[in-house]
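File shown here: protein.txt, holding compact mmCIF, C-alpha atoms.
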```txt
# COMPACT_ATOMS: atom_id res chain seq x y z
CA ASN A 26 -3.24 3.06 -20.10
CA ALA A 27 -5.86 2.70 -17.41
CA GLY A 28 -4.65 2.29 -13.87
CA VAL A 29 -5.83 -0.17 -11.27
CA MET A 30 -9.60 -0.18 -11.10
CA GLN A 31 -11.63 -1.02 -8.05
CA ASN A 32 -15.36 -1.26 -7.66
CA PRO A 33 -17.51 -0.40 -6.03
CA ARG A 34 -15.87 2.72 -4.62
CA HIS A 35 -18.28 2.72 -1.71
CA LEU A 36 -20.15 -0.25 -0.29
CA VAL A 37 -22.63 -0.31 2.55
CA ARG A 38 -23.61 -3.58 4.15
CA ARG A 39 -25.60 -4.59 7.21
CA ARG A 40 -24.08 -6.93 9.76
CA GLY A 41 -24.24 -10.51 8.57
CA GLN A 42 -24.32 -9.70 4.85
CA GLU A 43 -21.61 -10.49 2.35
CA ALA A 44 -19.29 -7.96 0.76
CA ARG A 45 -17.60 -8.51 -2.60
CA LEU A 46 -14.84 -6.15 -3.64
CA ARG A 47 -13.43 -6.21 -7.16
CA CYS A 48 -10.03 -5.24 -8.47
CA SER A 49 -8.93 -5.07 -12.08
CA PRO A 50 -5.14 -4.78 -12.31
CA MET A 51 -3.31 -2.58 -14.73
CA LYS A 52 -3.00 -3.98 -18.23
CA GLY A 53 -0.16 -6.46 -18.40
CA HIS A 54 0.00 -6.96 -14.63
CA SER A 55 -0.45 -10.49 -13.34
CA HIS A 56 0.13 -9.92 -9.62
CA VAL A 57 -2.43 -8.48 -7.24
CA TYR A 58 -2.18 -7.44 -3.60
CA TRP A 59 -4.94 -6.53 -1.18
CA TYR A 60 -4.51 -4.18 1.77
CA ARG A 61 -6.84 -2.94 4.48
CA GLN A 62 -6.73 0.51 6.00
CA LEU A 63 -8.73 1.19 9.12
CA PRO A 64 -9.77 4.81 9.76
CA GLU A 65 -6.79 6.98 10.70
CA GLU A 66 -4.43 4.02 10.47
CA GLY A 67 -1.82 2.72 8.08
CA LEU A 68 -2.02 0.03 5.43
CA LYS A 69 -1.97 -3.61 6.42
CA PHE A 70 -1.08 -6.33 3.95
CA MET A 71 -3.74 -8.99 3.53
CA VAL A 72 -3.04 -11.24 0.56
CA TYR A 73 -0.92 -11.59 -2.56
CA LEU A 74 -2.20 -13.42 -5.62
CA GLN A 75 -1.12 -14.35 -9.08
CA LYS A 76 -3.52 -15.59 -11.71
CA GLU A 77 -5.34 -18.59 -10.25
CA ASN A 78 -2.94 -18.82 -7.32
CA ILE A 79 -2.81 -17.47 -3.80
CA ILE A 80 0.85 -16.84 -3.08
CA ASP A 81 0.70 -15.40 0.41
CA GLU A 82 -2.38 -14.95 2.58
CA SER A 83 -0.58 -14.45 5.86
CA GLY A 84 -2.36 -11.14 6.46
CA MET A 85 -5.86 -12.45 5.93
CA PRO A 86 -8.13 -13.11 8.91
CA LYS A 87 -8.59 -16.84 9.26
CA GLU A 88 -12.37 -16.72 9.05
CA ARG A 89 -14.90 -15.00 6.79
CA PHE A 90 -12.30 -13.54 4.38
CA SER A 91 -11.29 -15.07 1.08
CA ALA A 92 -9.66 -13.87 -2.12
CA GLU A 93 -9.34 -15.11 -5.65
CA PHE A 94 -7.79 -14.01 -8.91
CA PRO A 95 -9.28 -16.13 -11.70
CA LYS A 96 -7.77 -16.70 -15.10
CA GLU A 97 -10.32 -14.32 -16.56
CA GLY A 98 -11.81 -11.33 -14.82
CA PRO A 99 -10.97 -9.25 -11.80
CA SER A 100 -9.59 -10.27 -8.45
CA ILE A 101 -12.29 -10.61 -5.80
CA LEU A 102 -11.98 -10.03 -2.07
CA ARG A 103 -14.94 -11.60 -0.35
CA ILE A 104 -16.02 -10.95 3.21
CA GLN A 105 -18.77 -13.14 4.56
CA GLN A 106 -21.02 -12.25 7.49
CA VAL A 107 -19.58 -8.78 7.84
CA VAL A 108 -19.22 -7.17 11.26
CA ARG A 109 -18.79 -3.52 12.18
CA GLY A 110 -15.06 -4.03 12.65
CA ASP A 111 -14.75 -4.80 8.93
CA SER A 112 -15.54 -1.17 8.13
CA ALA A 113 -12.41 0.11 6.42
CA ALA A 114 -10.90 1.11 3.12
CA TYR A 115 -9.69 -1.83 1.08
CA PHE A 116 -7.01 -1.15 -1.48
CA CYS A 117 -5.71 -3.37 -4.16
CA ALA A 118 -2.40 -2.95 -5.93
CA SER A 119 -0.95 -4.66 -8.96
CA SER A 120 2.52 -5.25 -10.32
CA PRO A 121 3.74 -6.69 -13.59
CA GLY A 122 5.52 -9.61 -11.99
CA GLY A 123 7.14 -10.93 -8.91
CA LYS A 124 10.56 -9.41 -9.39
CA LEU A 125 12.13 -7.72 -6.40
CA SER A 126 12.12 -4.36 -8.10
CA ASP A 127 8.56 -4.46 -9.43
CA THR A 128 6.59 -1.51 -8.20
CA GLN A 129 3.06 -1.89 -6.88
CA TYR A 130 0.46 0.50 -8.26
CA PHE A 131 -2.60 1.12 -6.14
CA GLY A 132 -6.24 1.50 -7.01
CA PRO A 133 -8.54 4.15 -5.52
CA GLY A 134 -9.90 1.79 -2.90
CA THR A 135 -13.30 0.51 -1.82
CA ARG A 136 -14.72 2.03 1.32
CA LEU A 137 -16.79 -0.53 3.16
CA THR A 138 -19.24 0.63 5.79
CA VAL A 139 -20.98 -1.97 7.93
CA LEU A 140 -24.12 -0.75 9.63
CA LEU B 10 10.23 -9.74 8.91
CA ALA B 11 11.23 -6.15 8.41
CA LYS B 12 9.68 -3.87 11.02
CA THR B 13 9.38 -0.31 9.80
CA THR B 14 8.88 2.81 11.88
CA GLN B 15 8.48 6.43 10.86
CA PRO B 16 7.63 9.68 12.65
CA ILE B 17 3.90 10.18 13.07
CA SER B 18 3.81 13.73 11.79
CA MET B 19 5.93 16.58 10.51
CA ASP B 20 5.17 20.23 9.79
CA SER B 21 6.89 22.36 7.19
CA TYR B 22 6.48 25.57 5.22
CA GLU B 23 6.19 26.18 1.53
CA GLY B 24 9.53 26.18 -0.23
CA GLN B 25 11.33 24.19 2.43
CA GLU B 26 12.91 20.78 2.08
CA VAL B 27 11.21 17.95 3.95
CA ASN B 28 13.11 14.86 5.02
CA ILE B 29 11.30 11.83 6.37
CA THR B 30 13.28 8.93 7.78
CA CYS B 31 12.03 5.38 7.97
CA SER B 32 13.78 2.88 10.21
CA HIS B 33 13.84 -0.74 9.10
CA ASN B 34 16.29 -2.51 11.38
CA ASN B 35 15.40 -6.00 10.19
CA ILE B 36 15.62 -5.33 6.49
CA ALA B 37 16.58 -8.44 4.55
CA THR B 38 19.22 -8.68 1.89
CA ASN B 39 16.72 -8.70 -0.93
CA ASP B 40 14.31 -6.08 0.39
CA TYR B 41 13.61 -2.98 -1.64
CA ILE B 42 12.46 0.28 -0.09
CA THR B 43 9.54 2.10 -1.66
CA TRP B 44 7.83 5.32 -0.69
CA TYR B 45 4.22 6.23 -1.33
CA GLN B 46 2.13 9.37 -0.95
CA GLN B 47 -1.50 9.20 0.07
CA PHE B 48 -4.11 11.93 -0.01
CA PRO B 49 -7.40 11.57 1.89
CA SER B 50 -9.85 9.16 0.27
CA GLN B 51 -7.32 8.12 -2.38
CA GLY B 52 -5.05 5.17 -2.93
CA PRO B 53 -1.32 5.44 -2.27
CA ARG B 54 0.69 6.88 -5.12
CA PHE B 55 4.21 5.66 -5.91
CA ILE B 56 6.93 8.24 -5.32
CA ILE B 57 10.29 6.52 -5.43
CA GLN B 58 12.03 3.21 -4.90
CA GLY B 59 15.58 2.23 -4.08
CA TYR B 60 17.84 -0.54 -2.91
CA LYS B 61 21.00 1.27 -1.81
CA THR B 62 22.84 4.62 -1.95
CA LYS B 63 20.86 7.43 -3.55
CA VAL B 64 18.02 7.53 -6.03
CA THR B 65 16.56 10.70 -7.50
CA ASN B 66 13.60 11.34 -9.76
CA GLU B 67 11.61 14.39 -10.76
CA VAL B 68 9.73 14.62 -7.47
CA ALA B 69 11.99 13.28 -4.71
CA SER B 70 15.27 11.78 -3.62
CA LEU B 71 15.83 8.69 -1.56
CA PHE B 72 18.92 8.26 0.58
CA ILE B 73 19.87 4.82 1.84
CA PRO B 74 22.98 4.39 4.01
CA ALA B 75 25.33 1.49 3.55
CA ASP B 76 23.78 -0.62 6.33
CA ARG B 77 20.29 -0.08 4.82
CA LYS B 78 18.70 -0.01 8.25
CA SER B 79 17.03 3.26 7.45
CA SER B 80 16.09 5.37 4.48
CA THR B 81 15.26 9.04 4.07
CA LEU B 82 12.77 10.47 1.64
CA SER B 83 13.64 14.02 0.67
CA LEU B 84 11.04 16.33 -0.86
CA PRO B 85 12.66 19.50 -2.19
CA ARG B 86 10.82 22.82 -1.98
CA VAL B 87 7.46 21.53 -0.84
CA SER B 88 4.21 23.23 -1.74
CA LEU B 89 0.79 23.20 -0.08
CA SER B 90 -0.26 20.35 -2.36
CA ASP B 91 2.41 18.12 -0.82
CA THR B 92 0.34 17.93 2.38
CA ALA B 93 -0.33 14.21 2.62
CA VAL B 94 0.61 11.03 4.45
CA TYR B 95 3.85 9.41 3.34
CA TYR B 96 4.47 5.70 3.78
CA CYS B 97 7.62 3.65 3.44
CA LEU B 98 7.23 0.06 2.29
CA VAL B 99 9.93 -2.50 2.84
CA GLY B 100 9.46 -5.80 1.21
CA GLU B 101 10.74 -8.84 -0.47
CA VAL B 102 8.66 -10.40 -3.19
CA LYS B 103 9.36 -14.01 -4.03
CA ALA B 104 7.57 -16.99 -5.46
CA ALA B 105 7.13 -18.68 -2.11
CA GLY B 106 5.46 -15.67 -0.56
CA ASN B 107 6.16 -12.06 0.03
CA LYS B 108 6.75 -10.16 3.20
CA LEU B 109 5.60 -6.59 2.79
CA THR B 110 5.61 -4.17 5.68
CA PHE B 111 4.33 -0.63 5.54
CA GLY B 112 5.47 1.93 8.03
CA GLY B 113 2.75 3.62 10.04
CA GLY B 114 2.86 6.69 7.83
CA THR B 115 4.09 10.23 8.39
CA ARG B 116 1.51 12.98 8.14
CA VAL B 117 3.17 15.99 6.52
CA LEU B 118 1.47 19.36 6.83
CA VAL B 119 2.82 22.13 4.61
CA LYS B 120 1.91 25.58 5.83
CA PRO B 121 1.86 28.78 3.78
```
Representation of the structure as structure tokens:
Amino acid sequence: NAGVMQNPRHLVRRRGQEARLRCSPMKGHSHVYWYRQLPEEGLKFMVYLQKENIIDESGMPKERFSAEFPKEGPSILRIQQVVRGDSAAYFCASSPGGKLSDTQYFGPGTRLTVL
Amino acid sequence: LAKTTQPISMDSYEGQEVNITCSHNNIATNDYITWYQQFPSQGPRFIIQGYKTKVTNEVASLFIPADRKSSTLSLPRVSLSDTAVYYCLVGEVKAAGNKLTFGGGTRVLVKP
């Protein structure tokens, strides 16, 4: 049973370019969460999605960041017009449902470097 | 919104027990407490989860007092490979939106 998959594992972008990060949840999981981890810092919640729905995006920056989780295919975190401050590790986690006791399982992360 | 705090770092020696306490004064009635382990350049790995009292699995124990304003992760007989950053996560997941708060992480160094 494959775990949470993220790709690419490493992504390099120049300032002003777009970054697309993909997350495939564990089989049978319909809930996806995105987190950002700046160097030497902890994890910060960004957004929580179910299939075709954004449930909570209170941790997302208001501009340039968007996320989706279509009916088919992976969840996408999209960062437009990247800036150096966007350099971080982005982790996605999935859970089977929205029950209080559902555990989140994390992917290996995508490390974004903005030159 | 639950605010979680944990010690920044902790040193130990092989074979000792390590206890890490996370404070979550504003924990809500429905919040669960989950602990994760993270190695460099890897995603967090689930260790243990609990709601109240004590939970034990093959790798750790989790102690939660009656008021649930804190929780303690206990790692018995640590080895060098337990050197990692440990995070507590306090959160309530619900249809209208979740509130998930990670602690800042505790960097545990196990020495030989």
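The residue that comes closest to B:Val117, out of B:Thr14, B:Val87, B:Gly100, B:Lys61 and on the basis of only C-alpha atoms, is B:Val87.
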For this session: Determine which residues of chain A sit within 12 Å of chain B, taking into account only C-alpha atoms, and present them as a ChimeraX atom specification.
Result: /A:28-31,34-35,56-75,78-84,113-120,122-136
So that I have them on file, write out the residues from the current selection with C-alpha atoms, as a compact mmCIF listing (two decimals), keeping the file's coordinate frame.
```txt
# COMPACT_ATOMS: atom_id res chain seq x y z
CA GLY A 28 -4.65 2.29 -13.87
CA VAL A 29 -5.83 -0.17 -11.27
CA MET A 30 -9.60 -0.18 -11.10
CA GLN A 31 -11.63 -1.02 -8.05
CA ARG A 34 -15.87 2.72 -4.62
CA HIS A 35 -18.28 2.72 -1.71
CA HIS A 56 0.13 -9.92 -9.62
CA VAL A 57 -2.43 -8.48 -7.24
CA TYR A 58 -2.18 -7.44 -3.60
CA TRP A 59 -4.94 -6.53 -1.18
CA TYR A 60 -4.51 -4.18 1.77
CA ARG A 61 -6.84 -2.94 4.48
CA GLN A 62 -6.73 0.51 6.00
CA LEU A 63 -8.73 1.19 9.12
CA PRO A 64 -9.77 4.81 9.76
CA GLU A 65 -6.79 6.98 10.70
CA GLU A 66 -4.43 4.02 10.47
CA GLY A 67 -1.82 2.72 8.08
CA LEU A 68 -2.02 0.03 5.43
CA LYS A 69 -1.97 -3.61 6.42
CA PHE A 70 -1.08 -6.33 3.95
CA MET A 71 -3.74 -8.99 3.53
CA VAL A 72 -3.04 -11.24 0.56
CA TYR A 73 -0.92 -11.59 -2.56
CA LEU A 74 -2.20 -13.42 -5.62
CA GLN A 75 -1.12 -14.35 -9.08
CA ASN A 78 -2.94 -18.82 -7.32
CA ILE A 79 -2.81 -17.47 -3.80
CA ILE A 80 0.85 -16.84 -3.08
CA ASP A 81 0.70 -15.40 0.41
CA GLU A 82 -2.38 -14.95 2.58
CA SER A 83 -0.58 -14.45 5.86
CA GLY A 84 -2.36 -11.14 6.46
CA ALA A 113 -12.41 0.11 6.42
CA ALA A 114 -10.90 1.11 3.12
CA TYR A 115 -9.69 -1.83 1.08
CA PHE A 116 -7.01 -1.15 -1.48
CA CYS A 117 -5.71 -3.37 -4.16
CA ALA A 118 -2.40 -2.95 -5.93
CA SER A 119 -0.95 -4.66 -8.96
CA SER A 120 2.52 -5.25 -10.32
CA GLY A 122 5.52 -9.61 -11.99
CA GLY A 123 7.14 -10.93 -8.91
CA LYS A 124 10.56 -9.41 -9.39
CA LEU A 125 12.13 -7.72 -6.40
CA SER A 126 12.12 -4.36 -8.10
CA ASP A 127 8.56 -4.46 -9.43
CA THR A 128 6.59 -1.51 -8.20
CA GLN A 129 3.06 -1.89 -6.88
CA TYR A 130 0.46 0.50 -8.26
CA PHE A 131 -2.60 1.12 -6.14
CA GLY A 132 -6.24 1.50 -7.01
CA PRO A 133 -8.54 4.15 -5.52
CA GLY A 134 -9.90 1.79 -2.90
CA THR A 135 -13.30 0.51 -1.82
CA ARG A 136 -14.72 2.03 1.32
```
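Rounded to one decimal, atom CA of B:Ile17 and atom CA of B:Arg77 lie 21.0 Å from each other.
Going from atom CA of B:Ala37 over to atom CA of A:Met85, you cover 22.8 Å.
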Spatial neighbours of A:Val107, 8 Å, all atoms listed in the file, chain gap at least 3 places, as a PDB file with C-alpha atoms, in the frame of the given file:
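out-v7.pdb, written as the output of this step:
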```
ATOM      1  CA  ARG A  38     -23.610  -3.580   4.150  1.00  0.00           C
ATOM      2  CA  ARG A  39     -25.600  -4.590   7.210  1.00  0.00           C
ATOM      3  CA  ARG A  40     -24.080  -6.930   9.760  1.00  0.00           C
ATOM      4  CA  GLY A  41     -24.240 -10.510   8.570  1.00  0.00           C
ATOM      5  CA  GLN A  42     -24.320  -9.700   4.850  1.00  0.00           C
ATOM      6  CA  GLU A  43     -21.610 -10.490   2.350  1.00  0.00           C
ATOM      7  CA  ALA A  44     -19.290  -7.960   0.760  1.00  0.00           C
ATOM      8  CA  ARG A  89     -14.900 -15.000   6.790  1.00  0.00           C
ATOM      9  CA  ILE A 104     -16.020 -10.950   3.210  1.00  0.00           C
ATOM     10  CA  ASP A 111     -14.750  -4.800   8.930  1.00  0.00           C
ATOM     11  CA  VAL A 139     -20.980  -1.970   7.930  1.00  0.00           C
TER      12      VAL A 139
END
```
Exercise. What lies within 6 Å of stretch 24-29 of chain B using all atoms listed in the file, ignoring chain neighbours under 4 positions off, as number ranges by chain?
Worked result: B: 81-87
Exercise. What lies within 6 Å of A:Arg47 using all atoms listed in the file, ignoring chain neighbours under 5 positions off, as a VMD selection string?
Worked result: chain A and resid 31 to 32 100 to 101
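With atom CA of A:Leu36 on one side and atom CA of A:Thr138 on the other, the separation reads 6.2 Å.
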